[in-house]
$ cat structure_5.cif   # mmCIF, C-alpha atoms
data_data
loop_
_atom_site.label_atom_id
_atom_site.label_comp_id
_atom_site.auth_asym_id
_atom_site.auth_seq_id
_atom_site.Cartn_x
_atom_site.Cartn_y
_atom_site.Cartn_z
CA MET A 1245 102.19 268.44 134.04
CA HIS A 1246 101.27 270.47 137.15
CA TYR A 1247 101.83 267.69 139.67
CA LEU A 1248 104.67 265.94 137.88
CA GLY A 1249 107.35 265.23 140.42
CA LYS A 1250 104.85 264.44 143.22
CA ILE A 1251 105.56 260.81 142.69
CA LEU A 1252 107.65 258.07 144.39
CA SER A 1253 106.35 254.64 145.18
CA TYR A 1254 105.57 253.68 148.75
CA LEU A 1255 105.92 250.14 150.06
CA LEU A 1256 103.14 250.52 152.62
CA VAL A 1257 99.51 251.45 152.05
CA ALA A 1258 99.64 253.77 155.03
CA ALA A 1259 102.89 255.69 155.25
CA VAL A 1260 104.30 257.80 158.01
CA CYS A 1261 105.76 260.82 156.24
CA SER A 1262 108.45 263.26 157.20
CA LEU A 1263 107.86 266.85 158.36
CA SER A 1264 105.33 268.47 156.02
CA GLY A 1265 104.93 265.22 154.10
CA SER A 1266 107.47 263.03 152.32
CA LEU A 1267 108.94 263.10 148.87
CA SER A 1268 106.31 262.71 146.19
CA ALA A 1269 105.33 259.56 144.36
CA ALA A 1270 103.87 258.24 141.05
CA ASP A 1271 100.38 259.03 139.94
CA GLY A 1272 98.13 258.44 142.89
CA PRO A 1273 94.80 259.71 144.17
CA PRO A 1274 94.73 263.49 144.81
CA TYR A 1275 92.83 265.25 147.57
CA GLN A 1276 91.94 268.92 147.76
CA LEU A 1277 93.70 270.80 150.57
CA ASN A 1278 92.52 274.35 151.20
CA TYR A 1279 93.99 276.78 153.73
CA SER A 1280 91.78 279.74 154.63
CA VAL A 1281 93.44 282.48 156.70
CA THR A 1282 91.55 285.34 158.34
CA LEU A 1283 93.98 287.97 159.60
CA LEU A 1284 92.93 289.52 162.93
CA PRO A 1285 95.11 292.53 163.82
CA GLU A 1286 93.11 293.20 166.99
CA LYS A 1287 94.35 289.84 168.27
CA ALA A 1288 97.82 290.02 166.66
CA GLY A 1289 97.20 286.74 164.90
CA ALA A 1290 95.07 284.77 162.46
CA LEU A 1291 92.26 282.25 162.37
CA VAL A 1292 93.32 279.36 160.15
CA LYS A 1293 90.95 276.77 158.68
CA VAL A 1294 92.36 273.68 157.00
CA HIS A 1295 89.86 271.88 154.77
CA VAL A 1296 90.41 268.44 153.21
CA ASP A 1297 87.79 267.04 150.83
CA LYS A 1298 88.77 263.35 151.20
CA GLY A 1299 89.65 262.37 154.72
CA GLN A 1300 89.85 258.76 153.59
CA LEU A 1301 93.07 259.62 151.70
CA LEU A 1302 94.77 261.72 154.37
CA HIS A 1303 94.12 259.62 157.47
CA LYS A 1304 95.93 261.55 160.17
CA ILE A 1305 98.22 264.48 160.85
CA SER A 1306 100.17 265.47 163.95
CA PHE A 1307 102.19 268.54 164.85
CA SER A 1308 104.02 270.13 167.74
CA ASN A 1309 102.76 273.13 169.72
CA GLU A 1310 105.99 273.43 171.67
CA ARG A 1311 106.10 277.20 171.17
CA ASN A 1312 102.48 277.45 172.35
CA ILE A 1313 101.44 279.75 169.49
CA TYR A 1314 98.42 277.65 168.46
CA SER A 1315 95.20 277.85 170.46
CA GLU A 1316 91.42 277.36 170.11
CA ILE A 1317 92.15 274.15 168.20
CA ARG A 1318 89.00 272.45 166.90
CA ALA A 1319 88.26 269.74 164.33
CA ASN A 1320 85.76 267.13 163.21
CA GLY A 1321 86.94 263.55 163.37
CA LYS A 1322 89.13 262.73 166.39
CA LEU A 1323 91.27 265.49 167.89
CA THR A 1324 93.81 264.67 170.61
CA ILE A 1325 95.79 267.40 172.37
CA LYS A 1326 98.35 266.08 174.81
CA GLU A 1327 100.89 268.41 176.35
CA GLU A 1328 102.71 269.96 173.35
CA LYS A 1329 101.51 267.52 170.69
CA VAL A 1330 98.37 267.80 168.55
CA GLU A 1331 97.01 264.79 166.66
CA TRP A 1332 94.06 264.88 164.25
CA GLU A 1333 92.44 261.74 162.83
CA LEU A 1334 90.37 262.84 159.85
CA PRO A 1335 86.84 261.55 159.25
CA GLN A 1336 85.80 260.04 155.93
CA GLY A 1337 84.90 262.69 153.35
CA GLU A 1338 84.93 266.38 154.35
CA ALA A 1339 87.39 267.18 157.12
CA THR A 1340 88.09 270.53 158.80
CA LEU A 1341 90.67 271.69 161.33
CA SER A 1342 90.74 275.23 162.71
CA TYR A 1343 92.93 277.12 165.16
CA PHE A 1344 94.16 280.57 166.14
CA VAL A 1345 97.86 281.34 165.64
CA ALA A 1346 99.76 284.23 167.24
CA LEU A 1347 101.82 286.02 164.58
CA THR A 1348 103.88 288.48 166.59
CA ASN A 1349 107.20 287.05 167.75
CA GLU A 1350 109.98 288.82 169.63
CA ARG A 1351 113.27 287.35 168.39
CA SER A 1352 115.29 289.29 170.97
CA PRO A 1353 114.27 292.02 173.43
CA GLY A 1354 112.57 294.77 171.42
CA LYS A 1355 113.30 293.12 168.04
CA PHE A 1356 110.69 291.14 166.09
CA ASP A 1357 111.03 288.61 163.28
CA SER A 1358 107.25 288.42 162.87
CA ARG A 1359 104.87 291.26 163.63
CA MET A 1360 101.25 292.32 163.23
CA THR A 1361 100.06 295.90 163.68
CA SER A 1362 96.71 297.57 163.04
CA ASP A 1363 97.85 298.40 159.50
CA TRP A 1364 99.99 295.47 158.38
CA ALA A 1365 101.38 292.03 159.12
CA LEU A 1366 104.74 290.50 158.22
CA PHE A 1367 105.19 286.81 159.05
CA ARG A 1368 106.23 283.37 157.79
CA GLY A 1369 103.93 280.68 156.47
CA ASP A 1370 106.10 278.28 158.50
CA ASP A 1371 104.38 279.71 161.60
CA LEU A 1372 100.97 280.09 159.99
CA ILE A 1373 100.83 276.39 159.11
CA PRO A 1374 102.87 274.13 161.41
CA ALA A 1375 105.18 271.42 160.12
CA VAL A 1376 103.21 268.18 160.26
CA HIS A 1377 103.69 264.44 160.17
CA THR A 1378 101.15 262.93 157.77
CA TYR A 1379 99.63 259.46 157.44
CA GLU A 1380 98.26 258.84 153.94
CA VAL A 1381 97.13 256.03 151.66
CA LEU A 1382 99.51 254.79 149.01
CA ASN A 1383 100.66 257.62 146.68
CA ALA A 1384 97.97 260.09 147.79
CA TYR A 1385 98.99 263.72 147.34
CA SER A 1386 97.49 267.16 147.91
CA VAL A 1387 96.25 269.81 145.49
CA ALA A 1388 96.55 272.89 147.69
CA THR A 1389 95.39 276.50 147.74
CA LEU A 1390 95.94 279.30 150.23
CA SER A 1391 93.41 282.12 150.56
CA PHE A 1392 93.29 285.19 152.80
CA VAL A 1393 90.48 287.23 154.31
CA LEU A 1394 91.84 290.70 155.08
CA PRO A 1395 90.50 293.46 157.34
CA LYS A 1396 88.34 295.88 155.33
CA THR A 1397 90.91 298.67 155.42
CA TRP A 1398 93.82 296.46 154.31
CA LYS A 1399 94.98 296.71 150.72
CA SER A 1400 96.65 293.46 149.67
CA VAL A 1401 98.65 290.36 150.55
CA GLU A 1402 101.84 288.99 148.98
CA THR A 1403 103.44 285.53 149.26
CA GLY A 1404 106.18 283.62 147.47
CA TRP A 1405 103.54 281.40 145.83
CA GLU A 1406 101.77 281.91 142.50
CA ARG A 1407 98.61 284.02 142.75
CA THR A 1408 95.58 282.53 141.02
CA ALA A 1409 93.02 285.28 141.65
CA GLY A 1410 92.40 287.95 144.26
CA ASN A 1411 93.94 286.87 147.55
CA THR A 1412 94.20 283.18 146.62
CA PHE A 1413 97.47 281.37 145.85
CA THR A 1414 98.39 277.93 144.53
CA VAL A 1415 100.73 276.00 146.82
CA ASP A 1416 102.65 273.35 144.91
CA ASN A 1417 105.91 271.94 146.24
CA PRO A 1418 107.04 269.10 143.93
CA GLU A 1419 109.23 267.71 146.72
CA ARG A 1420 106.31 267.13 149.08
CA ARG A 1421 103.16 265.08 148.99
CA PHE A 1422 101.51 267.35 151.56
CA ASP A 1423 101.81 270.93 150.33
CA ARG A 1424 102.48 273.49 153.05
CA PRO A 1425 102.64 277.25 152.34
CA THR A 1426 106.03 278.14 153.78
CA GLY A 1427 108.02 281.34 153.25
CA TRP A 1428 107.62 285.03 154.00
CA MET A 1429 104.27 286.79 153.65
CA VAL A 1430 103.19 290.41 154.02
CA ALA A 1431 99.70 291.89 154.15
CA GLY A 1432 97.98 295.20 154.81
CA ASN A 1433 98.73 298.65 153.42
CA VAL A 1434 101.57 297.29 151.32
CA GLY A 1435 103.50 298.73 148.39
CA THR A 1436 104.99 296.35 145.81
CA ARG A 1437 107.28 296.70 142.80
CA ARG A 1438 107.54 293.85 140.27
CA ALA A 1439 109.71 292.64 137.41
CA THR A 1440 110.38 289.40 135.54
CA VAL A 1441 114.08 288.57 135.06
CA LYS A 1442 115.27 285.29 133.46
CA LYS A 1443 111.72 283.88 133.81
CA THR A 1444 111.65 284.58 137.56
CA LYS A 1445 108.82 286.80 138.78
CA ILE A 1446 110.32 289.13 141.38
CA ALA A 1447 108.28 291.16 143.86
CA ILE A 1448 109.68 293.63 146.40
CA SER A 1449 107.05 294.33 149.06
CA ALA A 1450 106.92 296.33 152.26
CA PRO A 1451 104.32 298.09 154.39
CA ALA A 1452 103.83 301.78 153.61
CA GLY A 1453 106.06 304.08 155.64
CA GLN A 1454 108.71 301.44 156.38
CA HIS A 1455 111.36 303.10 154.17
CA MET A 1456 111.99 300.02 152.04
CA ARG A 1457 113.87 301.04 148.89
CA ARG A 1458 111.81 298.90 146.53
CA MET A 1459 112.98 300.39 143.23
CA ASP A 1460 116.62 300.30 144.35
CA ALA A 1461 116.28 296.59 145.05
CA LEU A 1462 114.42 295.93 141.78
CA THR A 1463 117.09 297.77 139.78
CA PHE A 1464 119.75 295.76 141.61
CA PHE A 1465 118.01 292.52 140.64
CA ASN A 1466 117.82 293.47 136.98
CA PHE A 1467 121.58 293.42 136.52
CA VAL A 1468 122.62 290.83 139.14
CA TRP A 1469 119.93 288.16 138.74
CA PRO A 1470 121.19 286.94 135.31
CA GLU A 1471 124.57 286.22 136.94
CA LEU A 1472 122.89 284.40 139.82
CA HIS A 1473 120.90 282.33 137.34
CA ARG A 1474 124.06 281.56 135.35
CA ALA A 1475 125.87 280.41 138.50
CA PHE A 1476 123.15 278.25 140.06
CA LYS A 1477 120.90 277.38 137.05
CA ASN A 1478 118.00 276.21 139.22
CA THR A 1479 116.32 279.49 140.20
CA PRO A 1480 112.72 279.86 141.47
CA HIS A 1481 109.73 280.80 139.30
CA LYS A 1482 108.78 283.45 141.84
CA LEU A 1483 110.71 285.38 144.45
CA LEU A 1484 109.32 287.65 147.16
CA VAL A 1485 111.54 290.08 149.08
CA VAL A 1486 109.86 291.68 152.09
CA GLY A 1487 111.17 294.37 154.39
CA ALA A 1488 110.30 296.70 157.25
CA GLY A 1489 112.07 299.02 159.68
CA ASP A 1490 112.40 299.02 163.46
CA PRO A 1491 111.37 297.28 165.63
CA MET A 1492 111.82 294.42 163.16
CA TRP A 1493 115.03 292.42 163.61
CA ARG A 1494 117.92 294.28 161.97
CA GLY A 1495 119.18 291.61 159.64
CA GLY A 1496 118.23 289.27 156.83
CA LEU A 1497 116.40 285.93 156.96
CA SER A 1498 115.84 283.63 153.98
CA ALA A 1499 113.16 281.04 153.25
CA SER A 1500 112.59 278.63 150.36
CA ASN A 1501 110.90 281.14 148.02
CA SER A 1502 111.33 284.47 149.78
CA LEU A 1503 113.48 286.49 152.13
CA PHE A 1504 113.30 289.30 154.68
CA LEU A 1505 115.70 292.21 154.76
CA HIS A 1506 115.48 295.04 157.30
CA SER A 1507 114.81 298.25 155.38
CA ASP A 1508 117.87 299.94 156.91
CA ARG A 1509 120.22 297.26 155.61
CA PRO A 1510 122.13 298.43 152.52
CA LEU A 1511 122.00 296.52 149.25
CA VAL A 1512 125.80 296.63 149.33
CA SER A 1513 127.73 297.19 152.57
CA GLU A 1514 130.77 299.45 152.90
CA ASN A 1515 133.00 296.36 152.91
CA GLY A 1516 131.76 295.48 149.41
CA THR A 1517 129.59 292.49 150.34
CA SER A 1518 125.83 292.45 149.76
CA PRO A 1519 123.41 291.39 152.55
CA LEU A 1520 120.73 290.89 149.89
CA LEU A 1521 122.88 288.60 147.73
CA HIS A 1522 124.01 286.74 150.86
CA GLU A 1523 120.40 285.84 151.71
CA LEU A 1524 119.57 285.14 148.06
CA THR A 1525 122.39 282.61 147.89
CA HIS A 1526 121.00 280.85 150.96
CA MET A 1527 117.51 280.91 149.44
CA VAL A 1528 118.42 279.61 145.99
CA THR A 1529 121.05 277.01 146.93
CA ARG A 1530 119.33 275.87 150.16
CA ILE A 1531 122.70 274.55 151.29
CA SER A 1532 123.25 274.13 155.03
CA GLY A 1533 126.11 272.67 157.04
CA LYS A 1534 125.92 269.10 158.24
CA VAL A 1535 126.49 268.30 161.90
CA THR A 1536 128.57 265.14 162.43
CA GLY A 1537 129.48 264.24 165.99
CA THR A 1538 131.27 267.27 167.41
CA THR A 1539 131.86 268.97 164.03
CA ASN A 1540 129.56 271.40 162.27
CA ASP A 1541 130.18 272.44 158.68
CA ASP A 1542 128.09 275.61 158.89
CA TRP A 1543 131.15 277.43 157.51
CA ILE A 1544 130.44 275.97 154.07
CA ALA A 1545 126.93 277.44 153.79
CA GLU A 1546 127.86 280.79 155.34
CA GLY A 1547 131.14 281.00 153.45
CA LEU A 1548 129.44 280.35 150.10
CA ALA A 1549 126.70 282.89 150.81
CA GLU A 1550 129.26 285.58 151.67
CA PHE A 1551 131.52 284.65 148.73
CA TYR A 1552 128.69 285.03 146.22
CA SER A 1553 127.50 288.23 147.94
CA PHE A 1554 130.34 290.06 146.17
CA GLU A 1555 131.34 287.57 143.46
CA LEU A 1556 128.00 287.94 141.65
CA LEU A 1557 128.35 291.72 141.83
CA TYR A 1558 131.83 291.45 140.32
CA ARG A 1559 130.60 289.20 137.50
CA ALA A 1560 127.79 291.67 136.76
CA ASP A 1561 130.38 294.46 136.40
CA GLY A 1562 129.19 296.01 139.64
CA MET A 1563 132.78 296.32 140.87
CA THR A 1564 136.33 296.30 139.54
CA LYS A 1565 138.87 293.51 139.82
CA SER A 1566 140.91 295.61 142.24
CA ARG A 1567 137.85 296.17 144.46
CA ARG A 1568 137.22 292.42 144.53
CA ALA A 1569 140.85 291.81 145.54
CA LYS A 1570 140.52 294.42 148.27
CA ILE A 1571 137.44 292.63 149.67
CA ILE A 1572 139.38 289.35 149.82
CA ARG A 1573 142.27 291.06 151.64
CA SER A 1574 139.87 292.67 154.10
CA LEU A 1575 138.15 289.35 154.84
CA SER A 1576 141.53 287.65 155.23
CA LYS A 1577 142.53 290.24 157.83
CA TRP A 1578 139.21 289.89 159.68
CA GLY A 1579 139.56 286.10 159.89
CA SER A 1580 143.30 286.06 160.55
CA GLU A 1581 142.90 284.85 164.15
CA VAL A 1582 140.69 281.89 163.17
CA LYS A 1583 142.47 278.56 163.60
CA HIS A 1584 139.65 276.17 162.78
CA LEU A 1585 136.57 276.46 160.55
CA ARG A 1586 134.56 273.42 161.65
CA LYS A 1587 132.98 275.05 164.70
CA SER A 1588 129.44 274.86 166.06
CA LYS A 1589 128.50 278.17 164.46
CA SER A 1590 130.08 280.23 161.71
CA THR A 1591 130.68 283.59 163.37
CA GLY A 1592 131.77 286.67 161.40
CA PRO A 1593 135.54 285.96 161.54
CA VAL A 1594 134.97 282.26 160.75
CA THR A 1595 132.81 283.15 157.74
CA ALA A 1596 135.40 285.69 156.58
CA ARG A 1597 138.18 283.07 156.72
CA ALA A 1598 135.91 280.55 154.98
CA VAL A 1599 135.43 282.97 152.08
CA VAL A 1600 139.19 283.25 151.58
CA LEU A 1601 139.52 279.45 151.52
CA LEU A 1602 136.62 279.10 149.06
CA ASN A 1603 138.12 281.76 146.82
CA ASP A 1604 141.39 279.78 146.79
CA LEU A 1605 139.38 276.64 146.02
CA ASP A 1606 137.65 278.34 143.09
CA GLN A 1607 140.95 279.51 141.62
CA GLU A 1608 142.51 276.05 142.01
CA ILE A 1609 139.56 274.29 140.33
CA ARG A 1610 139.69 276.77 137.44
CA LYS A 1611 143.45 276.25 137.04
CA ARG A 1612 143.40 272.44 137.22
CA SER A 1613 140.42 272.14 134.83
CA LYS A 1614 141.86 274.78 132.46
CA ASN A 1615 138.84 277.01 133.17
CA LYS A 1616 136.35 274.32 132.19
CA TYR A 1617 134.91 274.20 135.74
CA SER A 1618 134.63 276.52 138.74
CA ILE A 1619 133.14 276.65 142.20
CA ASP A 1620 129.73 277.17 140.50
CA ASP A 1621 129.82 273.54 139.35
CA VAL A 1622 130.65 272.43 142.88
CA VAL A 1623 127.75 274.44 144.33
CA ARG A 1624 125.27 272.99 141.83
CA GLU A 1625 126.44 269.53 142.88
CA LEU A 1626 125.97 270.40 146.56
CA MET A 1627 122.51 271.86 145.92
CA ALA A 1628 121.28 268.30 145.34
CA VAL A 1629 122.71 267.24 148.71
CA ARG A 1630 121.61 270.36 150.65
CA LYS A 1631 122.88 269.37 154.11
CA VAL A 1632 126.56 269.21 153.25
CA SER A 1633 129.76 268.17 154.99
CA LEU A 1634 133.44 268.74 154.31
CA GLU A 1635 133.48 265.28 152.72
CA ASP A 1636 130.70 266.34 150.30
CA LEU A 1637 132.58 269.53 149.42
CA THR A 1638 135.81 267.59 148.88
CA ARG A 1639 134.14 264.93 146.73
CA ALA A 1640 132.42 267.49 144.49
CA SER A 1641 135.52 269.68 144.19
CA GLU A 1642 137.81 266.78 143.26
CA LYS A 1643 135.28 265.59 140.70
CA PHE A 1644 135.65 268.82 138.73
CA ALA A 1645 139.34 269.44 139.45
CA GLY A 1646 140.30 265.87 138.58
CA SER A 1647 142.66 265.56 141.53
CA LYS A 1648 143.14 266.36 145.21
CA LEU A 1649 143.18 270.05 146.06
CA GLU A 1650 145.63 271.99 148.18
CA ALA A 1651 142.93 274.42 149.32
CA LEU A 1652 141.10 271.58 151.09
CA ASN A 1653 144.29 270.29 152.67
CA SER A 1654 144.34 273.33 154.94
CA ALA A 1655 145.06 273.11 158.69
CA LEU A 1656 141.82 275.08 159.12
CA LEU A 1657 139.91 271.89 158.25
CA LYS A 1658 141.82 269.37 160.36
#

$ encode --input "structure_5.cif" --output "structure tokens"
Amino acid sequence: MHYLGKILSYLLVAAVCSLSGSLSAADGPPYQLNYSVTLLPEKAGALVKVHVDKGQLLHKISFSNERNIYSEIRANGKLTIKEEKVEWELPQGEATLSYFVALTNERSPGKFDSRMTSDWALFRGDDLIPAVHTYEVLNAYSVATLSFVLPKTWKSVETGWERTAGNTFTVDNPERRFDRPTGWMVAGNVGTRRATVKKTKIAISAPAGQHMRRMDALTFFNFVWPELHRAFKNTPHKLLVVGAGDPMWRGGLSASNSLFLHSDRPLVSENGTSPLLHELTHMVTRISGKVTGTTNDDWIAEGLAEFYSFELLYRADGMTKSRRAKIIRSLSKWGSEVKHLRKSKSTGPVTARAVVLLNDLDQEIRKRSKNKYSIDDVVRELMAVRKVSLEDLTRASEKFAGSKLEALNSALLK
């Protein structure tokens, strides 16, 4: 059933939900939520219209304009704009909110993580539609669509959501009552290559002339994706990979159903790790490090992403056993000066040392369980937690190993 999973019972008739709506509930009244986006390259942004057919079900939304990228905000019902906060009380029946959003963002001097030119736009839905707090009646949930109006000379638009027809997409997040179209999006004179691997629809898209090696990436997916699916089990129905060259930020950035990779970044680096598989691991597992007091376990998320960036290649016969061992030795040397992993941010050497520890952990789990379990089982356990701590990692690892583990008794974790 299309909206199965949108359902959790609320104790109050009017509920204050979390960012972008709360976890879903049992069969309740649906309301139609339509996002209409008109891309305006001459203004380096977009006009967004949010239409709700039953304002009596979605009473109120509020969102932050701290970055000051939203302007010309208008709505029927009651609209309150105070400093950096926007609050919209919907009228009964048809309700409409509109605003202009700037879509070009300079991440660092001369480097952009979101950009609109006269020929194309590359941006995140997270900016297009702000994260909102919602106030709804008991069990009400959205049925959402996202549609685009493109400049006449622009060719197409791609998102990580399922296309229904033309430039319209269905937005359905089973974890949210209020569906918000997050993830990377690209529009304009765009070239796309597609394939379906292990029931996942994969699209590699980039503006023309941006030197994105689409077929290279698609070929790469065809032999690596089955291993990724085998490791994590819960893979998305659709995946969008977008890319562009300078002056876009020279790195990789993942979202829930999509990722960005600068077109100059190799599929596999000279050190044997894969920037693409690193971001894919972040995207599929959605694991992040938990901050507790003065400790930050970012090393777990970054270490796992880097570990799988070559481990999946190895499992897919993309490298030899000796090459894999050489990568581990190289990472061990790079992180040799690291004394402690639980730092505020997992820098390159910290991540390298974390990979070595996680590799030791994997080997120990395999040995103690007589190869019945591996670090894959631990990761799948942590995927349900998402924001993980050392305690979560230890608990999951000991569950499959059946005892305490020497790898997690390291001075690096004290």

$ resolve_selection --input "structure_5.cif" --expression "the PyMOL selection byres ((chain A and resi 1402-1412) around 6)" --output "number ranges by chain"
A: 1390-1392, 1401, 1413-1414, 1429-1430, 1483-1484, 1501-1502

$ atom_distance --input "structure_5.cif" --atom1 "atom CA of A:Gln1336" --atom2 "atom CA of A:Ala1384"
14.6 Å

$ residues_around --input "structure_5.cif" --residues "A:Ala1431" --least-positions-apart "5" --cutoff "6 Å" --atoms "all atoms listed in the file" --output "NGL selection string"
:A and (1364-1365 or 1400-1401)

$ write_last_selection --input "structure_5.cif" --atoms "C-alpha atoms" --output "PDB file, in the frame of the given file"
ATOM      1  CA  TRP A1364      99.990 295.470 158.380  1.00  0.00           C
ATOM      2  CA  ALA A1365     101.380 292.030 159.120  1.00  0.00           C
ATOM      3  CA  SER A1400      96.650 293.460 149.670  1.00  0.00           C
ATOM      4  CA  VAL A1401      98.650 290.360 150.550  1.00  0.00           C
TER       5      VAL A1401
END

$ closest_residue --input "structure_5.cif" --among "A:Glu1635, A:Glu1338, A:Glu1555, A:Asp1490" --to "A:Asp1297" --atoms "all atoms listed in the file"
A:Glu1338

$ resolve_selection --input "structure_5.cif" --expression "the PyMOL selection byres ((chain A and resi 1300) around 12)" --output "list of chain:residue names"
A:Ala1258, A:Pro1273, A:Pro1274, A:Tyr1275, A:Gln1276, A:Val1296, A:Asp1297, A:Lys1298, A:Gly1299, A:Leu1301, A:Leu1302, A:His1303, A:Lys1304, A:Gly1321, A:Glu1333, A:Leu1334, A:Pro1335, A:Gln1336, A:Gly1337, A:Glu1338, A:Ala1339, A:Tyr1379, A:Glu1380, A:Val1381, A:Leu1382, A:Ala1384

$ residues_around --input "structure_5.cif" --residues "A:Ala1655" --least-positions-apart "3" --cutoff "12 Å" --atoms "only C-alpha atoms" --output "list in words"
Val1582, Lys1583, His1584, Leu1585, Arg1586, Leu1601, Glu1650, Ala1651, Leu1652 and Lys1658 of chain A

$ axis_aligned_box --input "structure_5.cif" --around "stretch 1487-1495 of chain A" --padding-each-side "3 Å" --output "AutoDock Vina command-line options"
--center_x 114.7 --center_y 295.3 --center_z 160.0 --size_x 14.9 --size_y 13.4 --size_z 17.2

$ atom_distance --input "structure_5.cif" --atom1 "atom CA of A:Gly1533" --atom2 "atom CA of A:Ala1545"
5.8 Å

$ closest_residue --input "structure_5.cif" --among "A:Ser1574, A:Arg1457, A:Leu1657, A:Leu1626" --to "A:Thr1539" --atoms "all atoms listed in the file"
A:Leu1657

$ resolve_selection --input "structure_5.cif" --expression "the PyMOL selection byres ((chain A and resi 1426) around 6)" --output "list in words"
Gly1369, Asp1370, Arg1424, Pro1425 and Gly1427 of chain A

$ residues_around --input "structure_5.cif" --residues "stretch 1588-1598 of chain A" --least-positions-apart "2" --cutoff "9 Å" --atoms "only C-alpha atoms" --output "compact mmCIF listing (two decimals) with C-alpha atoms, keeping the file's coordinate frame"
# COMPACT_ATOMS: atom_id res chain seq x y z
CA VAL A 1535 126.49 268.30 161.90
CA THR A 1538 131.27 267.27 167.41
CA THR A 1539 131.86 268.97 164.03
CA ASN A 1540 129.56 271.40 162.27
CA ASP A 1541 130.18 272.44 158.68
CA ASP A 1542 128.09 275.61 158.89
CA TRP A 1543 131.15 277.43 157.51
CA ILE A 1544 130.44 275.97 154.07
CA ALA A 1545 126.93 277.44 153.79
CA GLU A 1546 127.86 280.79 155.34
CA GLY A 1547 131.14 281.00 153.45
CA LEU A 1548 129.44 280.35 150.10
CA GLU A 1550 129.26 285.58 151.67
CA PHE A 1551 131.52 284.65 148.73
CA ILE A 1572 139.38 289.35 149.82
CA SER A 1574 139.87 292.67 154.10
CA LEU A 1575 138.15 289.35 154.84
CA SER A 1576 141.53 287.65 155.23
CA LYS A 1577 142.53 290.24 157.83
CA TRP A 1578 139.21 289.89 159.68
CA GLY A 1579 139.56 286.10 159.89
CA SER A 1580 143.30 286.06 160.55
CA GLU A 1581 142.90 284.85 164.15
CA VAL A 1582 140.69 281.89 163.17
CA LYS A 1583 142.47 278.56 163.60
CA HIS A 1584 139.65 276.17 162.78
CA LEU A 1585 136.57 276.46 160.55
CA ARG A 1586 134.56 273.42 161.65
CA VAL A 1600 139.19 283.25 151.58
CA LEU A 1601 139.52 279.45 151.52
CA LEU A 1602 136.62 279.10 149.06
CA ASN A 1603 138.12 281.76 146.82

$ residues_around --input "structure_5.cif" --residues "A:Gly1487" --least-positions-apart "2" --cutoff "12 Å" --atoms "only C-alpha atoms" --output "number ranges by chain"
A: 1357-1359, 1364-1367, 1428-1431, 1434-1436, 1447-1458, 1461, 1484-1485, 1489-1498, 1502-1510, 1520

$ atom_distance --input "structure_5.cif" --atom1 "atom CA of A:Ser1362" --atom2 "atom CA of A:Pro1285"
5.3 Å

$ closest_residue --input "structure_5.cif" --among "A:Val1441, A:Pro1374, A:Thr1529, A:His1481" --to "A:Asp1416" --atoms "only C-alpha atoms"
A:His1481

$ closest_residue --input "structure_5.cif" --among "A:Val1486, A:Ile1531, A:Ile1446, A:Met1360" --to "A:Val1632" --atoms "all atoms listed in the file"
A:Ile1531

$ closest_residue --input "structure_5.cif" --among "A:Phe1356, A:Trp1398, A:Phe1465, A:Phe1307" --to "A:Ile1325" --atoms "all atoms listed in the file"
A:Phe1307

$ closest_residue --input "structure_5.cif" --among "A:Glu1471, A:Glu1310, A:Glu1331, A:Asp1460" --to "A:Thr1525" --atoms "all atoms listed in the file"
A:Glu1471

$ build_atoms --input "structure_5.cif" --residues "stretch 1323-1331 of chain A" --atoms "N, CA and C atoms" --output "mmCIF file, in the coordinates of the input"
data_model
loop_
_atom_site.group_PDB
_atom_site.id
_atom_site.type_symbol
_atom_site.label_atom_id
_atom_site.label_comp_id
_atom_site.auth_asym_id
_atom_site.auth_seq_id
_atom_site.Cartn_x
_atom_site.Cartn_y
_atom_site.Cartn_z
ATOM 1 N N LEU A 1323 90.211 264.544 167.573
ATOM 2 C CA LEU A 1323 91.270 265.490 167.890
ATOM 3 C C LEU A 1323 91.839 265.173 169.271
ATOM 4 N N THR A 1324 93.142 264.976 169.342
ATOM 5 C CA THR A 1324 93.810 264.670 170.610
ATOM 6 C C THR A 1324 94.888 265.715 170.869
ATOM 7 N N ILE A 1325 94.787 266.399 171.994
ATOM 8 C CA ILE A 1325 95.790 267.400 172.370
ATOM 9 C C ILE A 1325 96.403 266.957 173.689
ATOM 10 N N LYS A 1326 97.669 266.587 173.636
ATOM 11 C CA LYS A 1326 98.350 266.080 174.810
ATOM 12 C C LYS A 1326 99.658 266.817 174.988
ATOM 13 N N GLU A 1327 99.718 267.588 176.063
ATOM 14 C CA GLU A 1327 100.890 268.410 176.350
ATOM 15 C C GLU A 1327 101.202 269.293 175.136
ATOM 16 N N GLU A 1328 102.328 269.081 174.467
ATOM 17 C CA GLU A 1328 102.710 269.960 173.350
ATOM 18 C C GLU A 1328 102.435 269.338 171.993
ATOM 19 N N LYS A 1329 101.758 268.201 171.952
ATOM 20 C CA LYS A 1329 101.510 267.520 170.690
ATOM 21 C C LYS A 1329 100.028 267.519 170.337
ATOM 22 N N VAL A 1330 99.739 267.806 169.061
ATOM 23 C CA VAL A 1330 98.370 267.800 168.550
ATOM 24 C C VAL A 1330 98.256 266.715 167.488
ATOM 25 N N GLU A 1331 97.227 265.874 167.620
ATOM 26 C CA GLU A 1331 97.010 264.790 166.660
ATOM 27 C C GLU A 1331 95.566 264.831 166.171
#
